[in-house]
Protein chains: 2
Amino acid sequence: MSGGEFNSWQTVQAEVLRRINAREWKPGDFIPNEAELSVEFGCARATVNRALRALADTGLLDRRRKAGTRVALNPVRKATLDIPVIRYEIEGKGQTYRHTVLSQERAVPPSGIRARMQIEPGIKLIHLVTLHLADGKPYVFGDRWINPEAVPGIESADLTVKSANEWLVANIPFEGGDFSFSAMTAGKREAEILACREGEGLFVIDRSTWNDGLVITSVRLTFAPGYQMHTKI
Amino acid sequence: MSGGEFNSWQTVQAEVLRRINAREWKPGDFIPNEAELSVEFGCARATVNRALRALADTGLLDRRRKAGTRVALNPVRKATLDIPVIRYEIEGKGQTYRHTVLSQERAVPPSGIRARMQIEPGIKLIHLVTLHLADGKPYVFGDRWINPEAVPGIESADLTVKSANEWLVANIPFEGGDFSFSAMTAGKREAEILACREGEGLFVIDRSTWNDGLVITSVRLTFAPGYQMHTKI
């Protein structure tokens, strides 16, 4: 390749990737610095920077502020997951979305939820169980706890109209969240709600989101059999 | 806040986040451009750019090259997943790693694998089943197909020494991969290999990786009961 071809960060990235793949640059090797590469490629240093950053984001390069950039020795590949609102996920598949609130009450949370949400003993939260349906069939149900102290307006929200999932995303910004993905075995309750057999393996997402140091909500999403979550790297 | 405080992209990000959270900038609103913000914050434009990019990466801002940057109307939050080598994952928990090859053969893959790996009918691939153990207990097993055409050196590699998982990461660079996460119900085979009961819900990762347009390998990882995969946003 001649220098003139490197007119975008993508072409620079492709060439760096080629050199790593061809083992011209081997795992653990330092690669030339941005200034050197920008001269070699005949492009702006910012272009090189953008390309190397993208490769560092996937774990293929290991960048240290002072030491320089190496080809990663033990690459931990990083994948990006989209976390959409459930309605958009279902509608994105061309299916009709509907949700129904199975229960809504004020209750003292169990100790696991209390610890995760950093709630004092005896404090009541909003406890909500919502079933989301795709083309009329159970898709996922959310067993959710909401801290009303952290969610202004929740008391007067009608969560049978917009689901809590959608209402919270639309109304309450959040800074961060914890996600955990696992599998469980359907018991009587899950089988009833999801219209599946007891003993089926179900995909589960546990998710807590917070803002300003307060946990807003903690939800366990239990998906009907056959659910798959996809990503690419 | 006065301008002098914005001396890092993190402080700029925090202030932008504060304005979104306080709804000074509402969902769907255009925010000032980078040049305007760099004047307001008294910092380099690159600092503003880095902060806005980080917020766009999490889905909170919606950046369009020509139209400008808006607060996302329907934020699709993005989470990043680390995909480590299984040995590192287990050792990272302070457990002892061991692996054992349950079977290795040349075989014609089933049609699902053949389609996923874009293999002609009748072509034999390497089929390998490897159990990974943590502190001597089954942790996950990989049912893996490898295309020897795409993996130079695989024929002479002893995959009972380094697992195929680790050998491939160390020796064969890859450009990309497809991941799918789901749950299954343990049958007789899974129960035997993982020493669990039939009918338990198990977490499953299906993963195909490719390089230079060829699918290198396709593996189904089936985890022992209780496995959780974590991430934060």
# chains A, B, ... in the order shown; residues from 1 in each chain; ligands from 1

call {"tool": "interface_residues", "arguments": {"of": "chain B", "to": "chain A", "cutoff": "7 Å", "atoms": "only C-alpha atoms", "output": "ChimeraX atom specification"}}
result
/B:21,76-84,173,176-185,199-203,227-233

call {"tool": "select_by_dssp", "arguments": {"residues": "stretch 2-223 of chain B", "states": "strand (DSSP E)", "output": "ChimeraX atom specification"}}
result
/B:61-64,68-71,77-83,97-107,125-134,137-146,176-185,201-211,214-223

call {"tool": "residues_around", "arguments": {"residues": "B:Trp25", "least_positions_apart": "6", "cutoff": "8 Å", "atoms": "only C-alpha atoms", "output": "list in words"}}
result
Arg19, Ile31 and Val71 of chain B

call {"tool": "residues_around", "arguments": {"residues": "A:Ala107", "least_positions_apart": "3", "cutoff": "12 Å", "atoms": "only C-alpha atoms", "output": "MDAnalysis selection string"}}
result
chainID A and resid 103:104 110 113:114 121:128 144:148

call {"tool": "select_by_dssp", "arguments": {"residues": "chain B", "states": "alpha helix (DSSP H)", "output": "MDAnalysis selection string"}}
result
chainID B and resid 9:21 34:41 45:57 86:92 111:117 164:171 188:194

call {"tool": "residues_around", "arguments": {"residues": "B:Glu91", "least_positions_apart": "5", "cutoff": "12 Å", "atoms": "only C-alpha atoms", "output": "list in words"}}
result
Pro84, Val85, Ile86, Thr96, Tyr97, Arg98, His132, Leu133, Ala134 and Asp135 of chain B

call {"tool": "atom_distance", "arguments": {"atom1": "atom CA of B:Leu52", "atom2": "atom CA of B:Gln13"}}
result
6.8 Å

call {"tool": "residues_around", "arguments": {"residues": "A:Thr47", "least_positions_apart": "5", "cutoff": "9 Å", "atoms": "only C-alpha atoms", "output": "JSON, numbers by chain"}}
result
{"A": [6, 7, 8, 9, 10, 12, 38, 52]}

call {"tool": "decode", "arguments": {"residues": "stretch 41-68 of chain A", "atoms": "N, CA, C and O atoms", "output": "PDB file, in the first residue's frame"}}
result
ATOM      1  N   PHE A  41       2.162   6.824   6.960  1.00  0.00           N
ATOM      2  CA  PHE A  41       0.900   6.685   6.228  1.00  0.00           C
ATOM      3  C   PHE A  41       0.525   7.959   5.470  1.00  0.00           C
ATOM      4  O   PHE A  41      -0.441   7.967   4.706  1.00  0.00           O
ATOM      5  N   GLY A  42       1.261   9.039   5.733  1.00  0.00           N
ATOM      6  CA  GLY A  42       0.933  10.301   5.056  1.00  0.00           C
ATOM      7  C   GLY A  42      -0.452  10.799   5.398  1.00  0.00           C
ATOM      8  O   GLY A  42      -1.204  11.248   4.529  1.00  0.00           O
ATOM      9  N   CYS A  43      -0.826  10.693   6.675  1.00  0.00           N
ATOM     10  CA  CYS A  43      -2.149  11.178   7.093  1.00  0.00           C
ATOM     11  C   CYS A  43      -2.007  11.935   8.397  1.00  0.00           C
ATOM     12  O   CYS A  43      -0.936  11.981   8.994  1.00  0.00           O
ATOM     13  N   ALA A  44      -3.094  12.542   8.833  1.00  0.00           N
ATOM     14  CA  ALA A  44      -3.074  13.321  10.068  1.00  0.00           C
ATOM     15  C   ALA A  44      -2.859  12.400  11.268  1.00  0.00           C
ATOM     16  O   ALA A  44      -3.281  11.239  11.259  1.00  0.00           O
ATOM     17  N   ARG A  45      -2.211  12.933  12.277  1.00  0.00           N
ATOM     18  CA  ARG A  45      -1.986  12.152  13.487  1.00  0.00           C
ATOM     19  C   ARG A  45      -3.309  11.763  14.138  1.00  0.00           C
ATOM     20  O   ARG A  45      -3.436  10.680  14.715  1.00  0.00           O
ATOM     21  N   ALA A  46      -4.316  12.635  14.029  1.00  0.00           N
ATOM     22  CA  ALA A  46      -5.633  12.337  14.612  1.00  0.00           C
ATOM     23  C   ALA A  46      -6.260  11.099  13.963  1.00  0.00           C
ATOM     24  O   ALA A  46      -6.987  10.339  14.599  1.00  0.00           O
ATOM     25  N   THR A  47      -5.938  10.923  12.666  1.00  0.00           N
ATOM     26  CA  THR A  47      -6.464   9.753  11.945  1.00  0.00           C
ATOM     27  C   THR A  47      -5.851   8.466  12.497  1.00  0.00           C
ATOM     28  O   THR A  47      -6.550   7.469  12.722  1.00  0.00           O
ATOM     29  N   VAL A  48      -4.533   8.518  12.735  1.00  0.00           N
ATOM     30  CA  VAL A  48      -3.851   7.370  13.328  1.00  0.00           C
ATOM     31  C   VAL A  48      -4.408   7.108  14.724  1.00  0.00           C
ATOM     32  O   VAL A  48      -4.714   5.967  15.097  1.00  0.00           O
ATOM     33  N   ASN A  49      -4.573   8.190  15.480  1.00  0.00           N
ATOM     34  CA  ASN A  49      -5.084   8.068  16.847  1.00  0.00           C
ATOM     35  C   ASN A  49      -6.441   7.372  16.875  1.00  0.00           C
ATOM     36  O   ASN A  49      -6.686   6.474  17.675  1.00  0.00           O
ATOM     37  N   ARG A  50      -7.321   7.785  15.974  1.00  0.00           N
ATOM     38  CA  ARG A  50      -8.672   7.208  15.917  1.00  0.00           C
ATOM     39  C   ARG A  50      -8.618   5.709  15.605  1.00  0.00           C
ATOM     40  O   ARG A  50      -9.339   4.915  16.210  1.00  0.00           O
ATOM     41  N   ALA A  51      -7.728   5.346  14.684  1.00  0.00           N
ATOM     42  CA  ALA A  51      -7.594   3.934  14.287  1.00  0.00           C
ATOM     43  C   ALA A  51      -7.049   3.092  15.436  1.00  0.00           C
ATOM     44  O   ALA A  51      -7.561   2.001  15.721  1.00  0.00           O
ATOM     45  N   LEU A  52      -6.019   3.609  16.117  1.00  0.00           N
ATOM     46  CA  LEU A  52      -5.410   2.834  17.200  1.00  0.00           C
ATOM     47  C   LEU A  52      -6.377   2.716  18.372  1.00  0.00           C
ATOM     48  O   LEU A  52      -6.439   1.682  19.039  1.00  0.00           O
ATOM     49  N   ARG A  53      -7.148   3.774  18.611  1.00  0.00           N
ATOM     50  CA  ARG A  53      -8.128   3.739  19.694  1.00  0.00           C
ATOM     51  C   ARG A  53      -9.169   2.656  19.444  1.00  0.00           C
ATOM     52  O   ARG A  53      -9.552   1.914  20.350  1.00  0.00           O
ATOM     53  N   ALA A  54      -9.615   2.577  18.201  1.00  0.00           N
ATOM     54  CA  ALA A  54     -10.629   1.564  17.861  1.00  0.00           C
ATOM     55  C   ALA A  54     -10.076   0.156  18.119  1.00  0.00           C
ATOM     56  O   ALA A  54     -10.773  -0.711  18.649  1.00  0.00           O
ATOM     57  N   LEU A  55      -8.798  -0.052  17.768  1.00  0.00           N
ATOM     58  CA  LEU A  55      -8.196  -1.377  17.979  1.00  0.00           C
ATOM     59  C   LEU A  55      -7.942  -1.635  19.462  1.00  0.00           C
ATOM     60  O   LEU A  55      -8.030  -2.776  19.925  1.00  0.00           O
ATOM     61  N   ALA A  56      -7.644  -0.571  20.209  1.00  0.00           N
ATOM     62  CA  ALA A  56      -7.473  -0.739  21.661  1.00  0.00           C
ATOM     63  C   ALA A  56      -8.821  -1.063  22.310  1.00  0.00           C
ATOM     64  O   ALA A  56      -8.895  -1.874  23.234  1.00  0.00           O
ATOM     65  N   ASP A  57      -9.887  -0.460  21.782  1.00  0.00           N
ATOM     66  CA  ASP A  57     -11.226  -0.717  22.335  1.00  0.00           C
ATOM     67  C   ASP A  57     -11.619  -2.187  22.180  1.00  0.00           C
ATOM     68  O   ASP A  57     -12.360  -2.726  22.997  1.00  0.00           O
ATOM     69  N   THR A  58     -11.144  -2.829  21.120  1.00  0.00           N
ATOM     70  CA  THR A  58     -11.491  -4.246  20.942  1.00  0.00           C
ATOM     71  C   THR A  58     -10.504  -5.146  21.679  1.00  0.00           C
ATOM     72  O   THR A  58     -10.667  -6.354  21.661  1.00  0.00           O
ATOM     73  N   GLY A  59      -9.483  -4.545  22.297  1.00  0.00           N
ATOM     74  CA  GLY A  59      -8.555  -5.346  23.102  1.00  0.00           C
ATOM     75  C   GLY A  59      -7.330  -5.825  22.344  1.00  0.00           C
ATOM     76  O   GLY A  59      -6.478  -6.507  22.911  1.00  0.00           O
ATOM     77  N   LEU A  60      -7.226  -5.458  21.068  1.00  0.00           N
ATOM     78  CA  LEU A  60      -6.141  -5.981  20.241  1.00  0.00           C
ATOM     79  C   LEU A  60      -4.835  -5.224  20.461  1.00  0.00           C
ATOM     80  O   LEU A  60      -3.757  -5.781  20.291  1.00  0.00           O
ATOM     81  N   LEU A  61      -4.951  -3.950  20.799  1.00  0.00           N
ATOM     82  CA  LEU A  61      -3.769  -3.162  21.145  1.00  0.00           C
ATOM     83  C   LEU A  61      -3.854  -2.789  22.618  1.00  0.00           C
ATOM     84  O   LEU A  61      -4.941  -2.639  23.172  1.00  0.00           O
ATOM     85  N   ASP A  62      -2.682  -2.638  23.209  1.00  0.00           N
ATOM     86  CA  ASP A  62      -2.597  -2.296  24.621  1.00  0.00           C
ATOM     87  C   ASP A  62      -1.897  -0.943  24.689  1.00  0.00           C
ATOM     88  O   ASP A  62      -0.710  -0.853  24.395  1.00  0.00           O
ATOM     89  N   ARG A  63      -2.637   0.108  25.004  1.00  0.00           N
ATOM     90  CA  ARG A  63      -2.056   1.452  24.972  1.00  0.00           C
ATOM     91  C   ARG A  63      -1.782   1.939  26.387  1.00  0.00           C
ATOM     92  O   ARG A  63      -2.660   1.932  27.237  1.00  0.00           O
ATOM     93  N   ARG A  64      -0.564   2.384  26.620  1.00  0.00           N
ATOM     94  CA  ARG A  64      -0.190   2.983  27.905  1.00  0.00           C
ATOM     95  C   ARG A  64       0.283   4.395  27.631  1.00  0.00           C
ATOM     96  O   ARG A  64       1.085   4.607  26.727  1.00  0.00           O
ATOM     97  N   ARG A  65      -0.208   5.326  28.445  1.00  0.00           N
ATOM     98  CA  ARG A  65       0.064   6.738  28.178  1.00  0.00           C
ATOM     99  C   ARG A  65       1.547   7.013  27.935  1.00  0.00           C
ATOM    100  O   ARG A  65       1.921   7.650  26.970  1.00  0.00           O
ATOM    101  N   LYS A  66       2.389   6.524  28.830  1.00  0.00           N
ATOM    102  CA  LYS A  66       3.802   6.858  28.674  1.00  0.00           C
ATOM    103  C   LYS A  66       4.602   5.782  27.944  1.00  0.00           C
ATOM    104  O   LYS A  66       5.486   6.080  27.156  1.00  0.00           O
ATOM    105  N   ALA A  67       4.267   4.516  28.216  1.00  0.00           N
ATOM    106  CA  ALA A  67       5.094   3.429  27.683  1.00  0.00           C
ATOM    107  C   ALA A  67       4.937   3.261  26.176  1.00  0.00           C
ATOM    108  O   ALA A  67       5.866   2.817  25.499  1.00  0.00           O
ATOM    109  N   GLY A  68       3.787   3.632  25.633  1.00  0.00           N
ATOM    110  CA  GLY A  68       3.567   3.430  24.208  1.00  0.00           C
ATOM    111  C   GLY A  68       2.511   2.360  23.959  1.00  0.00           C
ATOM    112  O   GLY A  68       1.817   1.921  24.872  1.00  0.00           O
TER     113      GLY A  68
END
